[in-house]
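Visitor: File follows, input.csv with CSV, C-alpha atoms:
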```csv
chain,number,residue,atom,x,y,z
M,1,MET,CA,71.4,138.1,140.0
M,2,SER,CA,67.7,138.2,140.9
M,3,TYR,CA,65.5,140.0,143.4
M,4,LEU,CA,62.6,139.0,145.7
M,5,LEU,CA,60.8,140.0,148.8
M,6,ALA,CA,60.6,137.5,151.7
M,7,LYS,CA,59.2,137.2,155.2
M,8,SER,CA,59.1,134.4,157.8
M,9,LYS,CA,56.1,132.1,158.2
M,10,ASP,CA,57.1,131.6,161.9
M,11,ASP,CA,55.1,134.0,164.2
M,12,ASP,CA,57.9,134.1,166.8
M,13,ILE,CA,60.5,135.1,164.2
M,14,LEU,CA,58.2,137.7,162.7
M,15,LYS,CA,57.8,139.3,166.1
M,16,ALA,CA,61.5,139.3,167.0
M,17,GLY,CA,63.1,139.7,163.6
M,18,GLU,CA,63.9,142.7,161.5
M,19,CYS,CA,61.8,143.6,158.5
M,20,GLY,CA,60.1,140.3,158.1
M,21,GLY,CA,62.6,138.0,159.8
M,22,ALA,CA,63.8,136.4,156.5
M,23,VAL,CA,67.4,136.1,157.7
M,24,THR,CA,66.5,134.3,160.9
M,25,SER,CA,64.2,132.0,159.0
M,26,ILE,CA,66.9,131.1,156.5
M,27,PHE,CA,69.3,130.3,159.4
M,28,LYS,CA,66.6,128.2,161.1
M,29,TYR,CA,66.1,126.2,157.8
M,30,LEU,CA,69.9,125.5,157.6
M,31,LEU,CA,70.1,124.3,161.2
M,32,ASP,CA,66.9,122.3,161.3
M,33,ASN,CA,67.8,120.4,158.1
M,34,GLY,CA,71.4,119.7,159.3
M,35,ILE,CA,72.9,121.6,156.4
M,36,VAL,CA,75.2,123.5,158.7
M,37,ASP,CA,76.8,122.7,162.1
M,38,GLY,CA,76.0,126.1,163.4
M,39,VAL,CA,75.2,129.8,162.7
M,40,LEU,CA,77.6,132.6,163.6
M,41,ALA,CA,75.5,135.6,164.5
M,42,ILE,CA,75.3,138.6,166.9
M,43,ARG,CA,73.3,138.8,170.0
M,44,PRO,CA,73.1,141.7,172.6
M,45,GLY,CA,75.3,141.3,175.6
M,46,ASP,CA,74.8,143.6,178.6
M,47,ASP,CA,72.7,146.0,176.4
M,48,ILE,CA,71.9,146.8,172.8
M,49,TYR,CA,75.2,148.6,172.4
M,50,ASP,CA,77.1,145.4,173.3
M,51,GLY,CA,77.0,143.1,170.2
M,52,VAL,CA,78.4,139.6,171.1
M,53,PRO,CA,79.4,137.1,168.3
M,54,THR,CA,77.6,133.9,169.1
M,55,PHE,CA,77.8,130.4,167.6
M,56,VAL,CA,74.2,129.0,167.6
M,57,THR,CA,73.8,125.2,167.1
M,58,ASP,CA,70.1,124.9,168.2
M,59,SER,CA,67.5,126.9,166.1
M,60,GLU,CA,65.5,127.6,169.3
M,61,ASP,CA,68.3,130.0,170.3
M,62,LEU,CA,68.2,132.0,167.1
M,63,LEU,CA,65.5,134.4,168.4
M,64,ALA,CA,68.1,135.9,170.7
M,65,THR,CA,70.1,137.0,167.6
M,66,ALA,CA,67.2,138.4,165.7
M,67,GLY,CA,67.2,142.1,164.8
M,68,SER,CA,69.9,144.6,163.9
M,69,TYR,CA,72.8,145.8,166.0
M,70,HIS,CA,74.6,148.9,164.7
M,71,CYS,CA,77.2,148.9,167.5
M,72,SER,CA,78.4,145.3,166.9
M,73,PRO,CA,82.1,144.4,166.2
M,74,THR,CA,83.4,143.2,162.8
M,75,MET,CA,85.3,140.0,163.4
M,76,ILE,CA,83.3,137.4,161.5
M,77,GLY,CA,86.0,136.4,159.1
M,78,GLU,CA,88.6,136.1,161.8
M,79,LEU,CA,86.3,134.0,164.0
M,80,VAL,CA,85.5,131.6,161.2
M,81,ARG,CA,89.2,131.3,160.2
M,82,LYS,CA,90.4,130.8,163.8
M,83,TYR,CA,87.7,128.6,165.3
M,84,LEU,CA,85.3,127.2,162.7
M,85,PHE,CA,87.5,126.2,159.8
M,86,ASP,CA,86.5,122.6,159.9
M,87,LYS,CA,82.8,123.2,160.5
M,88,LYS,CA,80.0,123.9,158.1
M,89,VAL,CA,78.7,127.3,159.1
M,90,ALA,CA,76.3,130.0,158.1
M,91,VAL,CA,77.2,133.6,158.9
M,92,ALA,CA,75.5,137.0,158.8
M,93,VAL,CA,77.9,139.5,157.2
M,94,LYS,CA,78.0,143.2,156.7
M,95,PRO,CA,79.9,144.3,153.5
M,96,CYS,CA,83.3,144.6,155.4
M,97,ASP,CA,82.7,141.2,157.0
M,98,MET,CA,82.1,139.7,153.6
M,99,ARG,CA,85.1,141.4,152.1
M,100,ALA,CA,87.3,139.8,154.9
M,101,VAL,CA,85.7,136.4,154.4
M,102,ASP,CA,86.3,136.7,150.6
M,103,GLU,CA,89.9,137.5,151.1
M,104,LEU,CA,90.5,134.7,153.5
M,105,ILE,CA,88.8,132.3,151.1
M,106,LYS,CA,91.2,133.4,148.3
M,107,ARG,CA,94.2,132.8,150.7
M,108,ASN,CA,92.9,129.3,151.6
M,109,LYS,CA,92.1,130.2,155.2
M,110,ILE,CA,88.4,129.6,154.9
M,111,ASN,CA,86.9,126.7,153.0
M,112,SER,CA,84.3,128.2,150.6
M,113,ASP,CA,82.5,124.8,150.5
M,114,ASN,CA,81.8,125.0,154.3
M,115,ILE,CA,80.3,128.5,154.5
M,116,TYR,CA,77.0,130.1,153.7
M,117,THR,CA,77.0,133.9,153.7
M,118,VAL,CA,73.9,135.9,154.3
M,119,GLY,CA,74.7,139.5,153.6
M,120,LEU,CA,73.3,142.5,155.4
M,121,ASN,CA,73.1,145.9,153.6
M,122,CYS,CA,74.9,148.4,155.7
M,123,GLY,CA,74.8,152.1,156.0
M,124,GLY,CA,77.4,152.0,158.8
M,125,THR,CA,78.0,151.2,162.4
M,126,VAL,CA,78.5,153.3,165.5
M,127,SER,CA,81.0,152.8,168.3
M,128,PRO,CA,79.3,151.6,171.5
M,129,ILE,CA,80.8,154.4,173.6
M,130,THR,CA,80.0,157.0,170.9
M,131,ALA,CA,76.5,155.7,170.7
M,132,ARG,CA,75.8,156.1,174.4
M,133,LYS,CA,77.3,159.6,174.5
M,134,MET,CA,75.5,160.6,171.3
M,135,ILE,CA,72.1,159.5,172.6
M,136,ASP,CA,72.5,161.4,175.8
M,137,LEU,CA,73.7,164.6,174.2
M,138,PHE,CA,71.5,164.8,171.0
M,139,TYR,CA,68.4,162.9,172.0
M,140,GLY,CA,68.2,163.9,175.6
M,141,VAL,CA,67.3,160.4,176.8
M,142,ASP,CA,68.9,157.8,179.0
M,143,PRO,CA,70.8,155.4,176.7
M,144,ASP,CA,69.5,152.5,178.9
M,145,ASP,CA,65.9,153.4,177.9
M,146,VAL,CA,66.6,152.7,174.2
M,147,LEU,CA,65.0,149.5,173.0
M,148,SER,CA,66.4,149.4,169.5
M,149,GLU,CA,68.2,151.6,167.0
M,150,GLU,CA,68.1,151.9,163.2
M,151,ILE,CA,69.8,153.9,160.4
M,152,ASP,CA,67.1,154.8,157.9
M,153,LYS,CA,66.3,157.7,155.5
M,154,GLY,CA,69.4,159.6,156.5
M,155,GLN,CA,68.7,159.4,160.2
M,156,PHE,CA,69.9,157.5,163.2
M,157,ILE,CA,66.6,156.5,164.8
M,158,ILE,CA,66.1,155.2,168.3
M,159,GLU,CA,63.0,153.4,169.7
M,160,LEU,CA,62.3,153.9,173.4
M,161,LYS,CA,60.8,151.4,175.8
M,162,ASP,CA,57.6,153.4,175.8
M,163,GLY,CA,57.2,152.8,172.1
M,164,SER,CA,58.1,156.3,170.9
M,165,GLU,CA,60.8,157.1,168.4
M,166,LYS,CA,63.4,159.9,168.0
M,167,GLY,CA,65.7,160.5,165.0
M,168,VAL,CA,68.5,162.9,164.2
M,169,LYS,CA,70.0,163.4,160.8
M,170,ILE,CA,73.3,161.5,160.3
M,171,HIS,CA,75.2,164.4,158.7
M,172,GLU,CA,74.3,166.6,161.7
M,173,LEU,CA,75.7,163.9,164.1
M,174,GLU,CA,78.8,163.4,162.1
M,175,HIS,CA,79.4,167.2,161.7
M,176,GLU,CA,79.7,167.2,165.5
M,177,GLY,CA,82.1,164.2,165.6
M,178,PHE,CA,79.5,161.6,166.4
M,179,GLY,CA,77.5,159.2,164.3
M,180,ARG,CA,79.1,156.4,162.3
M,181,ARG,CA,82.7,155.2,162.5
M,182,GLU,CA,84.9,157.1,160.2
M,183,ASN,CA,85.7,154.0,158.1
M,184,CYS,CA,81.9,153.5,157.6
M,185,GLN,CA,81.5,157.1,156.5
M,186,ARG,CA,83.9,156.6,153.6
M,187,CYS,CA,82.9,153.0,152.7
M,188,ASP,CA,81.4,152.8,149.3
M,189,VAL,CA,80.5,149.1,149.4
M,190,LYS,CA,77.0,149.2,150.9
M,191,ILE,CA,75.5,145.9,149.6
M,192,PRO,CA,77.6,142.7,150.1
M,193,ARG,CA,77.2,141.2,146.7
M,194,ARG,CA,80.0,138.7,147.3
M,195,ALA,CA,77.6,137.0,149.7
M,196,ASN,CA,75.3,134.3,148.6
M,197,ILE,CA,72.4,136.6,149.2
M,198,ALA,CA,72.2,140.3,150.3
M,199,CYS,CA,69.3,141.3,152.5
M,200,GLY,CA,67.9,144.5,153.9
M,201,ASN,CA,65.0,146.9,154.2
M,202,TRP,CA,66.1,149.2,151.4
M,203,GLY,CA,63.2,149.1,148.9
M,204,ALA,CA,61.3,146.6,150.9
M,205,GLU,CA,57.6,146.8,151.7
M,206,ASP,CA,56.6,147.0,155.4
M,207,GLY,CA,57.1,143.6,157.0
M,208,TRP,CA,59.2,142.2,154.2
M,209,THR,CA,62.9,141.7,153.5
M,210,PHE,CA,64.4,142.7,150.1
M,211,ILE,CA,66.8,140.0,149.0
M,212,GLU,CA,69.3,140.0,146.1
M,213,ILE,CA,70.3,136.5,145.1
M,214,ASN,CA,73.9,136.6,144.0
M,215,ASP,CA,74.8,133.0,143.1
M,216,GLU,CA,73.6,129.4,142.8
M,217,ARG,CA,74.1,128.7,146.5
M,218,GLY,CA,72.0,131.7,147.3
M,219,GLU,CA,69.2,130.4,145.0
M,220,GLU,CA,69.4,127.0,146.9
M,221,LEU,CA,69.1,128.8,150.2
M,222,ILE,CA,65.9,130.5,149.2
M,223,GLU,CA,64.3,127.5,147.5
M,224,GLY,CA,65.2,125.3,150.4
M,225,ALA,CA,63.6,127.6,152.9
M,226,LYS,CA,60.5,127.9,150.8
M,227,LYS,CA,60.1,124.1,150.5
M,228,ALA,CA,60.6,123.8,154.2
M,229,ASN,CA,57.5,126.1,154.5
M,230,ILE,CA,59.3,128.7,156.7
M,231,LEU,CA,59.7,131.4,154.1
M,232,ASP,CA,57.2,133.3,152.1
M,233,THR,CA,58.3,135.2,149.0
M,234,LYS,CA,57.0,137.4,146.2
M,235,THR,CA,58.4,139.4,143.3
M,236,PRO,CA,59.3,143.1,144.2
M,237,SER,CA,57.7,145.9,142.1
M,238,GLU,CA,59.8,148.0,139.8
M,239,ASN,CA,59.3,150.8,142.3
M,240,SER,CA,60.8,148.7,145.1
M,241,ILE,CA,63.8,147.8,142.9
M,242,GLU,CA,64.3,151.5,141.9
M,243,ALA,CA,63.9,152.7,145.5
M,244,ARG,CA,66.6,150.2,146.7
M,245,SER,CA,69.0,151.3,143.9
M,246,LYS,CA,68.3,155.0,144.8
M,247,VAL,CA,69.2,154.4,148.5
M,248,GLU,CA,72.4,152.6,147.6
M,249,GLY,CA,73.3,155.4,145.2
M,250,ILE,CA,72.8,158.1,147.8
M,251,MET,CA,74.9,156.2,150.4
M,252,ILE,CA,77.7,155.7,147.8
M,253,LYS,CA,77.7,159.4,147.0
M,254,MET,CA,77.9,160.3,150.7
M,255,ALA,CA,80.8,157.9,151.0
M,256,GLN,CA,82.7,159.4,148.0
M,257,LYS,CA,82.2,162.9,149.4
M,258,ASN,CA,83.7,161.7,152.7
M,259,GLN,CA,86.6,160.1,151.0
M,260,ASN,CA,87.5,163.3,149.3
M,261,ALA,CA,87.3,165.2,152.6
M,262,ASN,CA,89.3,162.6,154.5
M,263,PHE,CA,92.1,162.1,152.0
M,264,ASP,CA,93.3,165.7,152.2
M,265,GLY,CA,94.0,165.6,155.9
M,266,ALA,CA,96.2,162.7,157.0
M,267,ASN,CA,100.0,163.2,157.3
M,268,GLU,CA,101.2,159.6,157.6
M,269,MET,CA,104.6,160.3,159.1
M,270,GLU,CA,103.2,162.5,161.9
M,271,GLU,CA,100.6,159.9,162.6
M,272,TRP,CA,103.1,157.0,162.7
M,273,ASN,CA,105.3,158.8,165.1
M,274,ARG,CA,102.6,158.3,167.8
M,275,CYS,CA,102.8,154.6,167.4
M,276,ILE,CA,103.8,152.7,170.6
M,277,LYS,CA,104.2,149.4,168.8
M,278,CYS,CA,101.6,147.6,170.8
M,279,TYR,CA,100.7,145.3,167.8
M,280,ALA,CA,97.0,145.8,168.6
M,281,CYS,CA,96.2,146.8,165.0
M,282,ARG,CA,97.9,143.7,163.6
M,283,ASP,CA,96.3,141.4,166.1
M,284,VAL,CA,92.7,142.6,165.5
M,285,CYS,CA,93.0,142.7,161.7
M,286,PRO,CA,90.9,139.9,160.1
M,287,ILE,CA,93.3,139.6,157.2
M,288,CYS,CA,96.5,139.3,159.3
M,289,TRP,CA,96.6,135.6,160.1
M,290,CYS,CA,100.3,134.6,160.2
M,291,TYR,CA,101.1,135.7,163.7
M,292,GLU,CA,103.6,132.9,164.5
M,293,ASN,CA,105.7,133.6,161.3
M,294,CYS,CA,105.1,137.4,161.2
M,295,GLU,CA,108.2,139.3,160.0
M,296,LEU,CA,107.6,141.8,162.8
M,297,ASN,CA,108.5,139.1,165.3
M,298,LYS,CA,111.9,138.2,163.7
M,299,SER,CA,115.1,138.9,165.5
M,300,TYR,CA,116.5,141.3,162.9
M,301,PHE,CA,113.8,143.8,164.0
M,302,LYS,CA,115.0,143.8,167.6
M,303,GLU,CA,117.5,146.2,169.0
M,304,ALA,CA,119.1,145.9,172.5
M,305,GLY,CA,117.2,148.0,175.0
M,306,SER,CA,114.3,148.9,172.8
M,307,VAL,CA,110.9,147.7,172.0
M,308,PRO,CA,111.0,146.3,168.5
M,309,PRO,CA,110.5,147.4,165.8
M,310,GLU,CA,110.7,151.2,165.2
M,311,PRO,CA,107.3,152.7,164.3
M,312,ILE,CA,108.2,153.4,160.7
M,313,ALA,CA,109.5,149.8,160.2
M,314,PHE,CA,106.5,148.3,162.0
M,315,GLN,CA,104.0,150.3,160.0
M,316,GLY,CA,106.1,150.0,156.8
M,317,VAL,CA,105.8,146.2,156.9
M,318,ARG,CA,102.1,146.4,157.6
M,319,LEU,CA,101.6,148.9,154.8
M,320,SER,CA,103.3,146.6,152.3
M,321,HIS,CA,100.9,143.8,153.3
M,322,MET,CA,97.7,145.9,153.7
M,323,SER,CA,97.9,148.0,150.5
M,324,PHE,CA,96.2,145.1,148.7
M,325,SER,CA,94.5,143.4,151.6
M,326,CYS,CA,92.7,146.1,153.7
M,327,VAL,CA,88.9,145.7,153.7
M,328,ASP,CA,88.4,149.0,155.6
M,329,CYS,CA,86.6,147.4,158.6
M,330,GLY,CA,88.1,150.0,160.9
M,331,GLN,CA,88.9,147.6,163.8
M,332,CYS,CA,92.5,148.8,163.8
M,333,ASP,CA,91.2,152.3,164.5
M,334,ASP,CA,89.0,151.0,167.3
M,335,VAL,CA,91.8,149.4,169.2
M,336,CYS,CA,94.7,151.9,168.6
M,337,PRO,CA,95.6,153.5,172.0
M,338,SER,CA,97.2,156.5,170.2
M,339,ASP,CA,94.2,157.3,168.0
M,340,ILE,CA,96.1,156.8,164.8
M,341,PRO,CA,93.7,156.7,161.8
M,342,VAL,CA,95.3,153.4,160.7
M,343,SER,CA,92.5,152.3,158.3
M,344,LEU,CA,92.4,155.7,156.6
M,345,ILE,CA,96.1,155.5,155.7
M,346,PHE,CA,95.7,151.9,154.6
M,347,ASP,CA,92.7,152.9,152.5
M,348,LYS,CA,94.6,155.8,150.9
M,349,LEU,CA,97.3,153.4,149.8
M,350,GLN,CA,94.8,150.9,148.6
M,351,LYS,CA,93.2,153.5,146.4
M,352,LYS,CA,96.7,154.0,144.8
M,353,TYR,CA,97.1,150.2,144.4
M,354,TYR,CA,93.7,150.1,142.7
M,355,ASP,CA,94.7,152.8,140.3
M,356,ARG,CA,97.7,150.7,139.4
M,357,THR,CA,96.1,147.2,139.3
M,358,GLY,CA,92.4,147.6,139.3
M,359,TYR,CA,92.2,145.3,142.3
M,360,ILE,CA,89.9,145.9,145.3
M,361,ALA,CA,90.2,143.6,148.3
M,362,GLY,CA,87.1,141.6,148.9
M,363,VAL,CA,85.3,143.0,145.9
M,364,SER,CA,87.4,141.8,142.9
M,365,ASP,CA,86.9,138.2,141.7
M,366,GLU,CA,90.6,137.3,141.3
M,367,LYS,CA,93.4,137.1,143.7
M,368,PRO,CA,95.5,140.2,144.3
M,369,PRO,CA,98.1,140.7,141.5
M,370,LEU,CA,101.0,140.2,144.0
M,371,TYR,CA,99.6,136.7,144.5
M,372,SER,CA,99.3,135.9,140.8
M,373,PRO,CA,101.6,135.3,137.8
M,374,GLU,CA,101.0,138.9,136.7
M,375,LYS,CA,103.1,140.3,139.5
M,376,SER,CA,106.3,140.2,137.4
M,377,GLU,CA,104.6,142.8,135.1
M,378,LEU,CA,103.9,145.3,137.9
```
Before anything else, please render the file you have as structure tokens.
Guide:
Amino acid sequence: MSYLLAKSKDDDILKAGECGGAVTSIFKYLLDNGIVDGVLAIRPGDDIYDGVPTFVTDSEDLLATAGSYHCSPTMIGELVRKYLFDKKVAVAVKPCDMRAVDELIKRNKINSDNIYTVGLNCGGTVSPITARKMIDLFYGVDPDDVLSEEIDKGQFIIELKDGSEKGVKIHELEHEGFGRRENCQRCDVKIPRRANIACGNWGAEDGWTFIEINDERGEELIEGAKKANILDTKTPSENSIEARSKVEGIMIKMAQKNQNANFDGANEMEEWNRCIKCYACRDVCPICWCYENCELNKSYFKEAGSVPPEPIAFQGVRLSHMSFSCVDCGQCDDVCPSDIPVSLIFDKLQKKYYDRTGYIAGVSDEKPPLYSPEKSEL
């Protein structure tokens, strides 16, 4: 592990990118040198609240993906597994994205030799619908007048088209039921250290990206971009390193506080009774990949005149799989029509699984114990 500060040498990227444009420059280096077939990134759709996954094959199109989008979906691992398995790709990943990619690599659904992972430090994301309502209510402005948004120094900050900024403290927003997704509020993995590099503005000087290099491939990325004369780097000060560590520590403490608050409230049986067996949570999950052979589709779950299977059977099967697999991305919560806190219940069970085995999905180096020879000892 090593640290550096980096910024782009490309004026267009510097203007469009976030905190120095280092991430976009690294992607440009990979594309221009034919190291990858494409870059899977996020670009705005109808507005800044509409993050659209985009596969970029021409570096000229990278500018449209520059910047941060805190309302974007979390499907990177699933998209790579489903559509890009046989291609060499570079991906921008938040911590939960990286955890999903890591789990799919362990299960041979993503080829680790074909993927470059550029991690993005993450304090959380906001639902697009929630974001628009929140900006209208708490900021008193038209959501369509917002040019960009950022989570920094404990605030959700918006920049308006006239150049002005407004910020509201995150804990005030979340106390009123707005702010970050609930899974983001309890997530205690804020820096994606399973990625080749982890990038962000925590501890960075103005106009620079703070980068943590996590492995040899990450070192190759930085050195290659420097040799291509697209990336400028320097060593961060001790104060910068300390500041980054302090921000991470504060975010983790907030998450742990939210974990303790959330874990006292959920009654699983009452929640499951609202399940209408629509399969949306299974279908959106980046770790659930065996749809055709899924046990939930088997005939022995079907009863004449009913929609199979019963809620407790459906969720029981998923719990048995997700207790050691859930990466807490929260997509199941986003799509549940009955507002069941699916990811919270899975996360509760995973905490018990961790207490028993020491394994954390997408964080631990090894495969889950149930996938290993040690399973007979559990």
Visitor: To one decimal place, how far is CA of Cys290 (chain M) from CA of Val317 (chain M) in Å?
Guide: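 Answer for the CA of Cys290 (chain M) to CA of Val317 (chain M) separation: 13.3 Å.
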Visitor: Taking 5 positions as the minimum chain separation for residues in the same chain, which residues sit within 7 Å of Asn114 (chain M) when counting all atoms listed in the file? Answer as a VMD selection string.
Guide: chain M and resid 87 to 89
Visitor: In file coordinates, which residues lie within 12 Å of (59.3, 141.8, 140.6) using only C-alpha atoms, given as a PyMOL selection string?
Guide: chain M and resi 2-6+203-204+210-212+233-242
Visitor: Check the smallest atom-to-atom distance from each of M:Leu62, M:Cys122, M:Met1, M:Cys329 to Asn196 (chain M) using all atoms listed in the file, then report the winner.
Guide: M:Met1
Visitor: Excluding Ala92 (chain M) and its own-chain neighbours fewer than 5 positions away, which residues fall within 7 Å of it when counting all atoms listed in the file? Please give them as a PyMOL selection string.
Guide: chain M and resi 40-41+117-120
Visitor: Between CA of Met98 (chain M) and CA of Ser112 (chain M), what is the distance in Å, rounded to a tenth?
Guide: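 Computing the Euclidean distance for CA of Met98 (chain M) and CA of Ser112 (chain M) yields 12.1 Å.
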Visitor: Ranking M:Met75, M:Cys294, M:Val93, M:Val363 by minimum distance to Ala198 (chain M) and counting only C-alpha atoms, which one comes first?
Guide: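 Closest to Ala198 (chain M) of all the choices is M:Val93.
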Visitor: Please provide as a list in words all residues within 12 Å of Asn108 (chain M), with the sequence filter that same-chain residues fewer than 3 positions apart are discarded (counting all atoms listed in the file).
Guide: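 The filter keeps Arg81, Phe85, Val101, Asp102, Glu103, Leu104, Ile105, Asn111, Ser112, Asp113, Ile287, Trp289 and Lys367 of chain M.
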Visitor: Grab the CA of Tyr49 (chain M) to CA of Ala90 (chain M) distance for me, in Å with one decimal place.
Guide: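 About the pair CA of Tyr49 (chain M) and CA of Ala90 (chain M): they are 23.5 Å apart.
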Visitor: Check the smallest atom-to-atom distance from each of M:Thr74, M:Thr65, M:Asn260, M:Ser127 to Val284 (chain M) using all atoms listed in the file, then report the winner.
Guide: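 So, comparing all the options, the nearest one is M:Thr74.
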Visitor: Find the residues near Tyr359 (chain M): any atom within 8 Å, counting only C-alpha atoms, skip ones fewer than 2 places away on the same chain, and give them as a list of chain:residue names.
Guide: M:Phe324, M:Tyr353, M:Tyr354, M:Thr357, M:Ala361, M:Ser364, M:Pro368, M:Pro369
Visitor: For Ile151 (chain M), list every protein, DNA or RNA residue within 12 Å, evaluated using all atoms listed in the file, and leave out those in the same chain fewer than 4 positions away; present the list as a PyMOL selection string.
Guide: chain M and resi 68-71+121-126+155-159+166-171+179-180+200-202+247+251
Visitor: Tell me which residues come within 8 Å of (98.9, 142.6, 147.6), as number ranges by chain, counting only C-alpha atoms in the file's coordinates.
Guide: M: 320-325, 368-371
Visitor: Go through M:Ile222, M:Leu147, M:Cys199, M:Val91 and flag the residue nearest Pro44 (chain M), using all atoms listed in the file for the distances.
Guide: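 Distance minimum relative to Pro44 (chain M) lands on M:Leu147.
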Visitor: What would region 70-89 of chain M look like with N, CA and C atoms restored, written as a JSON list (two decimals), keeping the file's coordinate frame?
Guide:
```
[["chain", "number", "residue", "atom", "x", "y", "z"],
["M", 70, "HIS", "N", 73.68, 147.94, 165.42],
["M", 70, "HIS", "CA", 74.60, 148.90, 164.70],
["M", 70, "HIS", "C", 75.81, 149.23, 165.51],
["M", 71, "CYS", "N", 75.98, 148.63, 166.67],
["M", 71, "CYS", "CA", 77.20, 148.90, 167.50],
["M", 71, "CYS", "C", 78.01, 147.60, 167.58],
["M", 72, "SER", "N", 77.74, 146.62, 166.74],
["M", 72, "SER", "CA", 78.40, 145.30, 166.90],
["M", 72, "SER", "C", 79.81, 145.34, 166.27],
["M", 73, "PRO", "N", 80.69, 144.45, 166.72],
["M", 73, "PRO", "CA", 82.10, 144.40, 166.20],
["M", 73, "PRO", "C", 82.09, 143.76, 164.81],
["M", 74, "THR", "N", 83.24, 143.81, 164.17],
["M", 74, "THR", "CA", 83.40, 143.20, 162.80],
["M", 74, "THR", "C", 84.55, 142.24, 162.91],
["M", 75, "MET", "N", 84.25, 141.01, 163.26],
["M", 75, "MET", "CA", 85.30, 140.00, 163.40],
["M", 75, "MET", "C", 84.88, 138.67, 162.78],
["M", 76, "ILE", "N", 83.84, 138.65, 161.98],
["M", 76, "ILE", "CA", 83.30, 137.40, 161.50],
["M", 76, "ILE", "C", 84.29, 136.55, 160.77],
["M", 77, "GLY", "N", 85.02, 137.15, 159.84],
["M", 77, "GLY", "CA", 86.00, 136.40, 159.10],
["M", 77, "GLY", "C", 87.08, 135.76, 159.95],
["M", 78, "GLU", "N", 87.58, 136.54, 160.90],
["M", 78, "GLU", "CA", 88.60, 136.10, 161.80],
["M", 78, "GLU", "C", 88.11, 134.90, 162.66],
["M", 79, "LEU", "N", 86.89, 135.01, 163.14],
["M", 79, "LEU", "CA", 86.30, 134.00, 164.00],
["M", 79, "LEU", "C", 86.14, 132.65, 163.21],
["M", 80, "VAL", "N", 85.68, 132.76, 161.98],
["M", 80, "VAL", "CA", 85.50, 131.60, 161.20],
["M", 80, "VAL", "C", 86.89, 130.94, 160.88],
["M", 81, "ARG", "N", 87.86, 131.77, 160.51],
["M", 81, "ARG", "CA", 89.20, 131.30, 160.20],
["M", 81, "ARG", "C", 89.84, 130.59, 161.42],
["M", 82, "LYS", "N", 89.70, 131.23, 162.58],
["M", 82, "LYS", "CA", 90.40, 130.80, 163.80],
["M", 82, "LYS", "C", 89.77, 129.60, 164.47],
["M", 83, "TYR", "N", 88.43, 129.59, 164.50],
["M", 83, "TYR", "CA", 87.70, 128.60, 165.30],
["M", 83, "TYR", "C", 86.81, 127.65, 164.60],
["M", 84, "LEU", "N", 86.41, 128.00, 163.38],
["M", 84, "LEU", "CA", 85.30, 127.20, 162.70],
["M", 84, "LEU", "C", 85.75, 126.71, 161.35],
["M", 85, "PHE", "N", 87.04, 126.62, 161.09],
["M", 85, "PHE", "CA", 87.50, 126.20, 159.80],
["M", 85, "PHE", "C", 86.99, 124.87, 159.34],
["M", 86, "ASP", "N", 86.90, 123.93, 160.26],
["M", 86, "ASP", "CA", 86.50, 122.60, 159.90],
["M", 86, "ASP", "C", 85.04, 122.29, 160.11],
["M", 87, "LYS", "N", 84.25, 123.35, 160.32],
["M", 87, "LYS", "CA", 82.80, 123.20, 160.50],
["M", 87, "LYS", "C", 82.04, 123.80, 159.32],
["M", 88, "LYS", "N", 80.85, 123.28, 159.07],
["M", 88, "LYS", "CA", 80.00, 123.90, 158.10],
["M", 88, "LYS", "C", 79.16, 124.99, 158.84],
["M", 89, "VAL", "N", 79.28, 126.23, 158.39],
["M", 89, "VAL", "CA", 78.70, 127.30, 159.10],
["M", 89, "VAL", "C", 77.91, 128.27, 158.19]]
```
